[in-house]
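Listing of coords07.txt, compact mmCIF, C-alpha atoms
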```
# COMPACT_ATOMS: atom_id res chain seq x y z
CA MET A 1 105.88 243.69 -129.58
CA ALA A 2 107.95 242.29 -127.02
CA ALA A 3 109.78 239.18 -128.11
CA ARG A 4 108.00 236.08 -127.07
CA ARG A 5 109.95 234.29 -124.46
CA ARG A 6 110.74 230.66 -124.84
CA PRO A 7 109.18 228.58 -122.18
CA ALA A 8 111.57 227.72 -119.49
CA MET A 9 112.56 224.10 -119.26
CA SER A 10 110.77 222.83 -116.29
CA ALA A 11 112.81 219.75 -116.21
CA ARG A 12 116.20 218.96 -117.55
CA GLN A 13 115.89 216.94 -120.75
CA PRO A 14 117.76 213.66 -120.77
CA GLU A 15 120.97 213.74 -122.67
CA ARG A 16 121.25 211.63 -125.79
CA LYS A 17 123.24 208.51 -125.19
CA PRO A 18 125.88 207.66 -127.73
CA ALA A 19 125.35 204.62 -129.86
CA GLU A 20 126.05 201.51 -127.95
CA LYS A 21 129.43 200.02 -128.63
CA ARG A 22 129.73 196.69 -130.33
CA ALA A 23 129.61 193.82 -127.99
CA ARG A 24 133.06 192.60 -127.22
CA PRO A 25 133.76 188.99 -128.08
CA THR A 26 133.52 186.58 -125.28
CA GLY A 27 136.53 184.73 -123.98
CA ALA A 28 135.84 181.64 -126.13
CA ALA A 29 135.47 183.68 -129.33
CA ARG A 30 138.57 185.73 -128.55
CA SER A 31 140.61 182.57 -127.92
CA GLY A 32 139.39 181.16 -131.23
CA GLN A 33 140.62 184.26 -133.05
CA ASP A 34 143.90 184.09 -131.17
CA TRP A 35 144.87 180.73 -132.66
CA LYS A 36 143.41 181.42 -136.11
CA GLN A 37 145.53 184.51 -136.67
CA PRO A 38 148.92 182.76 -136.27
CA LEU A 39 147.63 179.88 -138.40
CA ARG A 40 146.69 182.27 -141.17
CA GLY A 41 150.09 183.88 -140.93
CA TRP A 42 151.82 180.51 -141.09
CA LEU A 43 149.78 179.42 -144.11
CA GLY A 44 150.40 182.75 -145.81
CA SER A 45 154.14 182.42 -145.23
CA HIS A 46 154.19 178.94 -146.76
CA ARG A 47 152.08 180.14 -149.68
CA ASP A 48 154.53 182.94 -150.34
CA SER A 49 157.48 180.54 -150.09
CA ALA A 50 155.86 178.17 -152.61
CA GLY A 51 155.29 181.10 -154.96
CA GLN A 52 158.92 182.16 -154.62
CA ALA A 53 160.08 178.63 -155.35
CA LEU A 54 157.95 178.46 -158.48
CA ALA A 55 159.27 181.84 -159.61
CA ARG A 56 162.87 180.69 -159.11
CA ILE A 57 162.24 177.59 -161.23
CA ARG A 58 160.75 179.77 -163.98
CA GLN A 59 163.75 182.08 -163.88
CA GLN A 60 166.10 179.18 -164.69
CA PRO A 61 164.13 176.95 -167.11
CA PHE A 62 167.10 175.21 -168.70
CA SER A 63 168.88 174.14 -165.50
CA SER A 64 165.55 173.25 -163.89
CA ALA A 65 164.61 171.08 -166.88
CA LEU A 66 167.94 169.24 -166.73
CA THR A 67 167.53 168.58 -163.02
CA VAL A 68 163.98 167.29 -163.49
CA LEU A 69 165.04 165.03 -166.39
CA VAL A 70 167.88 163.52 -164.37
CA MET A 71 165.51 162.86 -161.48
CA THR A 72 162.96 161.37 -163.89
CA ILE A 73 165.43 158.84 -165.27
CA VAL A 74 166.67 157.96 -161.80
CA LEU A 75 163.10 157.35 -160.60
CA ALA A 76 161.78 155.58 -163.71
CA LEU A 77 164.50 152.93 -164.03
CA PRO A 78 164.11 151.07 -160.71
CA MET A 79 160.34 151.65 -160.64
CA GLY A 80 159.96 150.18 -164.11
CA LEU A 81 161.97 147.10 -163.17
CA ALA A 82 159.90 146.68 -160.01
CA VAL A 83 156.61 146.87 -161.95
CA LEU A 84 157.83 144.33 -164.51
CA ILE A 85 159.00 141.91 -161.82
CA ASP A 86 155.71 142.23 -159.96
CA GLN A 87 153.67 141.44 -163.05
CA VAL A 88 155.85 138.52 -164.10
CA GLU A 89 155.59 137.17 -160.55
CA ARG A 90 151.82 137.44 -160.85
CA LEU A 91 152.02 135.36 -164.02
CA GLY A 92 154.15 132.80 -162.19
CA VAL A 93 151.59 132.61 -159.38
CA ASP A 94 148.84 131.93 -161.92
CA TRP A 95 150.92 129.15 -163.47
CA GLN A 96 151.72 127.79 -160.06
CA ARG A 97 148.06 127.50 -159.19
CA ALA A 98 147.57 125.40 -162.32
CA ALA A 99 150.56 123.16 -161.57
CA GLN A 100 150.07 119.45 -162.12
CA LEU A 101 151.91 116.17 -161.88
CA SER A 102 152.37 114.33 -165.17
CA VAL A 103 152.23 110.54 -164.69
CA TYR A 104 153.71 108.93 -167.81
CA LEU A 105 152.63 105.31 -168.33
CA ASP A 106 154.53 102.44 -169.89
CA ASP A 107 154.05 101.88 -173.61
CA ASP A 108 152.41 98.49 -173.08
CA VAL A 109 149.66 99.85 -170.82
CA MET A 110 146.37 99.54 -172.67
CA ALA A 111 143.24 101.67 -172.38
CA GLU A 112 141.39 99.69 -169.70
CA PRO A 113 144.35 99.38 -167.28
CA ALA A 114 145.05 103.09 -167.80
CA LEU A 115 141.47 103.98 -166.85
CA ALA A 116 141.67 101.76 -163.79
CA LEU A 117 144.93 103.45 -162.76
CA ARG A 118 143.33 106.87 -163.23
CA ASP A 119 140.42 105.90 -160.96
CA ARG A 120 142.86 104.60 -158.37
CA ILE A 121 144.79 107.86 -158.39
CA ARG A 122 141.58 109.86 -157.98
CA GLU A 123 140.87 108.09 -154.71
CA LEU A 124 144.04 109.45 -153.08
CA ASP A 125 143.51 112.10 -150.40
CA GLN A 126 146.07 114.51 -151.85
CA VAL A 127 144.60 114.42 -155.35
CA ALA A 128 141.90 116.87 -156.43
CA SER A 129 141.43 115.49 -159.94
CA ALA A 130 143.06 113.16 -162.45
CA GLN A 131 142.62 113.19 -166.22
CA LEU A 132 143.76 110.49 -168.62
CA LEU A 133 145.36 111.63 -171.85
CA ASP A 134 145.80 108.61 -174.09
CA LYS A 135 148.50 108.28 -176.73
CA GLU A 136 146.43 109.45 -179.68
CA LEU A 137 145.09 112.49 -177.83
CA ALA A 138 148.58 113.32 -176.53
CA LEU A 139 149.97 113.20 -180.07
CA ALA A 140 147.16 115.43 -181.39
CA GLU A 141 147.75 117.98 -178.64
CA PHE A 142 151.49 117.95 -179.24
CA GLN A 143 150.94 118.52 -182.97
CA GLN A 144 148.68 121.48 -182.21
CA HIS A 145 150.99 123.26 -179.78
CA SER A 146 154.41 122.40 -181.21
CA GLY A 147 153.85 123.48 -184.80
CA LEU A 148 155.39 120.21 -186.05
CA GLY A 149 152.19 118.74 -187.42
CA ASN A 150 153.50 117.88 -190.90
CA ALA A 151 156.71 116.34 -189.55
CA LEU A 152 154.87 114.19 -187.00
CA ASP A 153 152.57 112.86 -189.70
CA GLN A 154 155.56 111.17 -191.27
CA LEU A 155 156.22 108.99 -188.19
CA ALA A 156 155.51 105.30 -188.58
CA TYR A 157 154.27 104.98 -184.98
CA ASN A 158 153.18 107.13 -182.07
CA PRO A 159 156.22 107.72 -179.81
CA LEU A 160 154.26 109.45 -177.06
CA PRO A 161 153.06 107.49 -174.04
CA SER A 162 149.71 107.84 -172.32
CA VAL A 163 149.77 110.31 -169.46
CA ILE A 164 147.61 111.02 -166.45
CA LEU A 165 147.45 114.68 -165.42
CA VAL A 166 147.11 114.87 -161.64
CA THR A 167 146.02 118.10 -159.92
CA PRO A 168 146.85 118.17 -156.18
CA HIS A 169 144.60 119.75 -153.57
CA SER A 170 147.33 122.10 -152.39
CA ILE A 171 150.71 123.21 -153.71
CA GLU A 172 151.90 125.03 -150.60
CA GLY A 173 155.55 124.30 -150.04
CA GLY A 174 156.30 123.97 -153.75
CA ALA A 175 157.81 120.97 -155.43
CA ALA A 176 159.36 119.72 -152.18
CA ALA A 177 155.90 119.34 -150.62
CA LEU A 178 154.70 117.35 -153.65
CA ALA A 179 157.67 114.98 -153.58
CA PRO A 180 155.91 112.37 -151.35
CA LEU A 181 152.95 112.25 -153.73
CA ARG A 182 155.29 111.92 -156.68
CA ASP A 183 157.10 109.00 -155.05
CA ARG A 184 153.80 107.33 -154.24
CA LEU A 185 152.54 107.65 -157.80
CA ALA A 186 155.85 106.40 -159.18
CA GLY A 187 155.36 103.15 -157.24
CA PHE A 188 152.12 102.20 -159.03
CA ASP A 189 152.23 99.41 -161.58
CA GLY A 190 152.40 100.63 -165.15
CA VAL A 191 153.89 104.02 -164.24
CA ASN A 192 157.12 104.88 -166.02
CA THR A 193 157.92 108.42 -164.82
CA VAL A 194 156.26 111.09 -162.69
CA GLN A 195 157.19 114.71 -163.36
CA ILE A 196 156.23 117.72 -161.24
CA ASP A 197 155.32 120.56 -163.57
CA LEU A 198 155.98 123.07 -160.77
CA GLU A 199 159.76 122.89 -160.82
CA TRP A 200 160.31 125.28 -163.74
CA VAL A 201 157.96 127.79 -162.14
CA GLU A 202 160.10 127.67 -159.00
CA ARG A 203 163.19 128.24 -161.11
CA LEU A 204 161.49 131.27 -162.62
CA SER A 205 160.63 132.54 -159.14
CA ALA A 206 164.25 132.10 -158.04
CA ILE A 207 165.49 134.06 -161.06
CA LEU A 208 162.95 136.81 -160.40
CA GLY A 209 164.06 136.92 -156.76
CA MET A 210 167.66 137.46 -157.89
CA ILE A 211 166.58 140.23 -160.27
CA GLU A 212 164.53 141.79 -157.49
CA ARG A 213 167.58 141.93 -155.23
CA PHE A 214 169.56 143.52 -158.03
CA THR A 215 166.79 146.06 -158.57
CA GLY A 216 166.76 146.91 -154.85
CA GLY A 217 170.52 147.53 -154.82
CA LEU A 218 170.29 149.58 -158.01
CA ALA A 219 167.47 151.63 -156.52
CA LEU A 220 169.56 152.46 -153.44
CA LEU A 221 172.48 153.63 -155.59
CA LEU A 222 170.23 155.72 -157.80
CA ILE A 223 168.49 157.26 -154.79
CA LEU A 224 171.88 158.25 -153.39
CA ALA A 225 172.79 159.79 -156.75
CA LEU A 226 169.47 161.64 -156.81
CA LEU A 227 170.10 163.10 -153.35
CA LEU A 228 173.55 164.26 -154.43
CA VAL A 229 172.16 165.88 -157.57
CA MET A 230 169.44 167.64 -155.62
CA ALA A 231 171.84 168.80 -152.91
CA ASN A 232 174.25 170.21 -155.49
CA THR A 233 171.43 171.98 -157.36
CA ILE A 234 170.14 173.63 -154.20
CA ARG A 235 173.67 174.54 -153.12
CA LEU A 236 174.25 176.39 -156.40
CA ALA A 237 170.91 178.17 -155.99
CA ILE A 238 171.91 179.27 -152.48
CA GLU A 239 175.31 180.54 -153.63
CA SER A 240 173.70 182.55 -156.43
CA ARG A 241 171.54 184.32 -153.82
CA ARG A 242 174.15 184.77 -151.12
CA GLU A 243 173.83 188.56 -151.03
CA GLU A 244 170.03 188.36 -150.91
CA ILE A 245 170.21 185.93 -147.99
CA GLN A 246 172.64 188.21 -146.15
CA VAL A 247 170.24 191.15 -146.53
CA ILE A 248 167.32 189.06 -145.28
CA LYS A 249 169.29 187.98 -142.23
CA LEU A 250 170.44 191.56 -141.67
CA VAL A 251 166.84 192.77 -141.33
CA GLY A 252 165.99 189.97 -138.92
CA GLY A 253 165.04 187.05 -141.14
CA THR A 254 165.48 183.68 -139.47
CA ASP A 255 167.15 180.63 -140.95
CA ALA A 256 163.77 178.93 -141.19
CA PHE A 257 162.37 181.83 -143.22
CA VAL A 258 165.36 181.73 -145.60
CA ARG A 259 165.33 177.95 -145.81
CA ARG A 260 161.63 177.50 -146.67
CA PRO A 261 161.64 178.59 -150.37
CA PHE A 262 164.56 176.28 -151.15
CA LEU A 263 162.75 173.35 -149.57
CA TYR A 264 159.75 174.09 -151.76
CA VAL A 265 162.07 174.11 -154.77
CA GLY A 266 163.11 170.55 -153.91
CA VAL A 267 159.49 169.47 -153.46
CA LEU A 268 158.48 170.99 -156.81
CA TYR A 269 161.42 169.31 -158.54
CA GLY A 270 160.31 165.99 -157.04
CA LEU A 271 156.69 166.56 -158.05
CA LEU A 272 157.59 167.33 -161.67
CA ALA A 273 160.04 164.42 -161.87
CA GLY A 274 157.51 162.02 -160.34
CA LEU A 275 154.82 163.02 -162.83
CA LEU A 276 157.20 162.69 -165.78
CA ALA A 277 158.45 159.32 -164.52
CA TRP A 278 154.86 158.11 -164.17
CA LEU A 279 154.06 159.17 -167.74
CA LEU A 280 157.31 157.68 -169.03
CA LEU A 281 156.61 154.34 -167.37
CA SER A 282 153.02 154.25 -168.62
CA GLY A 283 154.12 154.97 -172.18
CA GLY A 284 157.05 152.56 -172.00
CA LEU A 285 154.93 149.69 -170.69
CA ALA A 286 152.27 150.35 -173.33
CA TRP A 287 154.95 150.22 -176.03
CA LEU A 288 156.50 147.08 -174.53
CA ASN A 289 153.07 145.47 -174.24
CA LEU A 290 152.87 145.21 -178.03
CA ALA A 291 155.83 142.82 -178.07
CA VAL A 292 154.59 140.96 -174.98
CA ARG A 293 151.26 140.21 -176.65
CA ASP A 294 153.02 138.82 -179.72
CA VAL A 295 155.19 136.53 -177.60
CA ALA A 296 152.23 135.42 -175.46
CA SER A 297 150.16 134.61 -178.56
CA LEU A 298 152.88 132.21 -179.73
CA TYR A 299 152.34 130.26 -176.50
CA ARG A 300 148.55 130.56 -176.82
CA SER A 301 148.37 132.83 -173.79
CA ASP A 302 146.47 136.09 -173.29
CA PHE A 303 149.01 137.53 -170.85
CA GLU A 304 149.67 141.26 -171.14
CA LEU A 305 151.16 144.00 -169.01
CA ASP A 306 148.68 146.04 -167.00
CA GLY A 307 150.66 149.28 -166.93
CA VAL A 308 151.54 151.20 -163.78
CA PRO A 309 148.98 150.55 -161.02
CA LEU A 310 147.49 153.62 -159.37
CA GLU A 311 148.96 152.73 -155.97
CA ASP A 312 152.44 152.37 -157.44
CA GLY A 313 152.08 155.65 -159.31
CA LEU A 314 151.03 157.53 -156.18
CA THR A 315 153.88 155.88 -154.27
CA LEU A 316 156.29 157.02 -156.96
CA LEU A 317 154.93 160.55 -156.80
CA GLY A 318 155.12 160.75 -153.01
CA GLY A 319 158.59 159.19 -152.93
CA ALA A 320 159.87 161.65 -155.52
CA MET A 321 158.60 164.62 -153.51
CA LEU A 322 160.11 163.20 -150.32
CA LEU A 323 163.48 162.64 -152.02
CA GLY A 324 163.43 166.18 -153.40
CA LEU A 325 162.66 167.57 -149.95
CA THR A 326 165.39 165.44 -148.34
CA GLY A 327 168.03 166.48 -150.86
CA ALA A 328 167.12 170.13 -150.45
CA TRP A 329 167.20 169.83 -146.65
CA LEU A 330 170.67 168.32 -146.70
CA ALA A 331 172.00 171.20 -148.76
CA VAL A 332 170.11 174.04 -147.10
CA GLY A 333 170.75 173.04 -143.50
CA ARG A 334 174.48 173.45 -143.86
CA HIS A 335 174.89 176.36 -146.29
CA ILE A 336 172.27 178.65 -144.79
CA ARG A 337 174.03 178.58 -141.41
CA ASP A 338 177.35 179.48 -143.04
CA ILE A 339 175.96 182.65 -144.62
CA GLU A 340 176.01 185.52 -142.15
CA PRO A 341 175.59 189.25 -142.83
CA GLN A 342 178.86 191.16 -143.04
```
Would you encode the structure as structure tokens?
Amino acid sequence: MAARRRPAMSARQPERKPAEKRARPTGAARSGQDWKQPLRGWLGSHRDSAGQALARIRQQPFSSALTVLVMTIVLALPMGLAVLIDQVERLGVDWQRAAQLSVYLDDDVMAEPALALRDRIRELDQVASAQLLDKELALAEFQQHSGLGNALDQLAYNPLPSVILVTPHSIEGGAAALAPLRDRLAGFDGVNTVQIDLEWVERLSAILGMIERFTGGLALLLILALLLVMANTIRLAIESRREEIQVIKLVGGTDAFVRRPFLYVGVLYGLLAGLLAWLLLSGGLAWLNLAVRDVASLYRSDFELDGVPLEDGLTLLGGAMLLGLTGAWLAVGRHIRDIEPQ
């Protein structure tokens, strides 16, 4: 049987179209990818540099620990003094707010004239309140706070005068601003002496101001020493890798690429030193607070140290990292340029 012929194609069948290509990104999407790719590369480069810096610190644990300890001591000393001064100043401000004028009366002033004088003082515009402390009450209070109760019981008479405690409306300007009120009170009949209880607080503030200046100068010297230590540490690290740096430059590495890991080393040193200084200050203030509480209890006060405030701790941490970066930059900027491939 003759082979059956295939029917002739009456019409040309359409050719199969290849799968449609993926839609190309529009101009906006392509521009977004254009700036993301360099950013990813930049972040990846910094991540690698930070990893190299951490590896270099791990390779030299002893020298790294010495550098961090030196930086910790340099940071903790001025910061600890600054925290102590700030808290003692806060105590002085609290005492200053409670400052009064003590109006001591003559011995022959009796109870009724003393009450009349107290009422007269209360009427003054500058006076917020006035409290009369008669002789017997003054002696009882002195016995309670002085610890000389048994000795004072042996006295044949009460040597203390009556006193009027005057609280002014405002103490702005210090003792000098209260001098006119003191002179006015001293002119009243029956008044022996008027004493401003604010003067010793101002003396304390002056002493604290002097210590604060000393702390500022000490901090500047220690910061300079810290920068020198950091610069010398980074310089030694650069010299130990001179051949490696020459090879990197020989294959086209830029100074910025070579410099970046050493800068991260300085930042990591600062971070570790700042954390250790923060812990050292917190522990030191907690230990010192035990003695402060004992001294405050002798004066019937509940004053105690608050430790390192969070803001001061973060400032210490950021300053330590900045100092580490600055010291590393000073060393790297010069020595990297001097190293050229042979």
query = How many Å separate atom CA of A:Leu115 from atom CA of A:Ile196?
reply = 20.9 Å
query = Could you tell me, as a ChimeraX atom specification, which residues have any atom at most 12 Å from (143.8, 100.8, -169.0), counting all atoms listed in the file?
reply = /A:105-120,132-135,162-164,189-191
request  = Compare A:Met230, A:Leu310, A:Ile339, A:Val267 by their minimum atom-to-atom distance to A:Asp255, counting only C-alpha atoms, and give me the closest one.
outcome  =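 Of A:Met230, A:Leu310, A:Ile339, A:Val267, the one nearest A:Asp255 is A:Ile339, counting only C-alpha atoms.
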inquiry  = My list of candidates is A:Met79, A:Ile234, A:Ile57, A:Ile223. Which is closest to A:Pro309 when distances are computed with only C-alpha atoms?
reply    =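 Of A:Met79, A:Ile234, A:Ile57, A:Ile223, the one nearest A:Pro309 is A:Met79, counting only C-alpha atoms.
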key: Interatomic distance (Å, one decimal) between atom CA of A:Val68 and atom CA of A:Leu272   = 6.6 Å
inquiry  = I'd like the interatomic distance between atom CA of A:Leu204 and atom CA of A:Leu220, to a tenth of an Å.
reply    = 24.5 Å
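The smallest atom-to-atom distance between A:Glu239 and any of A:Val332, A:Ala225, A:Leu165, A:Leu208, using all atoms listed in the file, is found for A:Val332.
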key: Shell of 10 Å around A:Phe214, all atoms listed in the file, local chain residues under 5 positions omitted, as a list in words   = Pro78, Leu81, Leu208, Gly209 and Ala219 of chain A
Determine, counting only C-alpha atoms, which protein, DNA and RNA residues have an atom within 12 Å of an atom of A:Arg241; residues of the same chain fewer than 4 positions away are not included. Present the result as a CSV table (one decimal) with C-alpha atoms, keeping the file's coordinate frame.
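Final output, selection-v4.csv:
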```
chain,number,residue,atom,x,y,z
A,56,ARG,CA,162.9,180.7,-159.1
A,234,ILE,CA,170.1,173.6,-154.2
A,235,ARG,CA,173.7,174.5,-153.1
A,236,LEU,CA,174.2,176.4,-156.4
A,237,ALA,CA,170.9,178.2,-156.0
A,245,ILE,CA,170.2,185.9,-148.0
A,246,GLN,CA,172.6,188.2,-146.2
A,247,VAL,CA,170.2,191.2,-146.5
A,248,ILE,CA,167.3,189.1,-145.3
A,258,VAL,CA,165.4,181.7,-145.6
A,259,ARG,CA,165.3,178.0,-145.8
A,261,PRO,CA,161.6,178.6,-150.4
A,262,PHE,CA,164.6,176.3,-151.2
A,335,HIS,CA,174.9,176.4,-146.3
A,336,ILE,CA,172.3,178.6,-144.8
A,339,ILE,CA,176.0,182.6,-144.6
```
Contacts of A:Thr67 at 8 Å (all atoms listed in the file; same-chain gap of 6+ positions) as number ranges by chain = A: 229-230, 233, 269
task = Could you tell me which of A:Tyr104, A:Phe188, A:Trp278, A:Phe257 comes closest to A:Ile73 if we count all atoms listed in the file?
result = A:Trp278
task = Using all atoms listed in the file, find the one residue out of A:Leu305, A:Val295, A:Ala277, A:Gly327 that sits nearest to A:Ala76.
result =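 The closest residue to A:Ala76 is A:Ala277.
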note = Using all atoms listed in the file, the residue out of A:Asp48, A:Ala65, A:Val166, A:Ala328 with shortest distance to A:Glu123 is A:Val166
Put a box with edges along x, y and z around all the listed atoms of stretch 331-334 of chain A, pad it by 8 Å on each side, then give me its centre and sizes in Å, one decimal, as JSON.
```
{"center_x": 172.3, "center_y": 172.6, "center_z": -146.1, "size_x": 20.4, "size_y": 18.8, "size_z": 21.3}
```
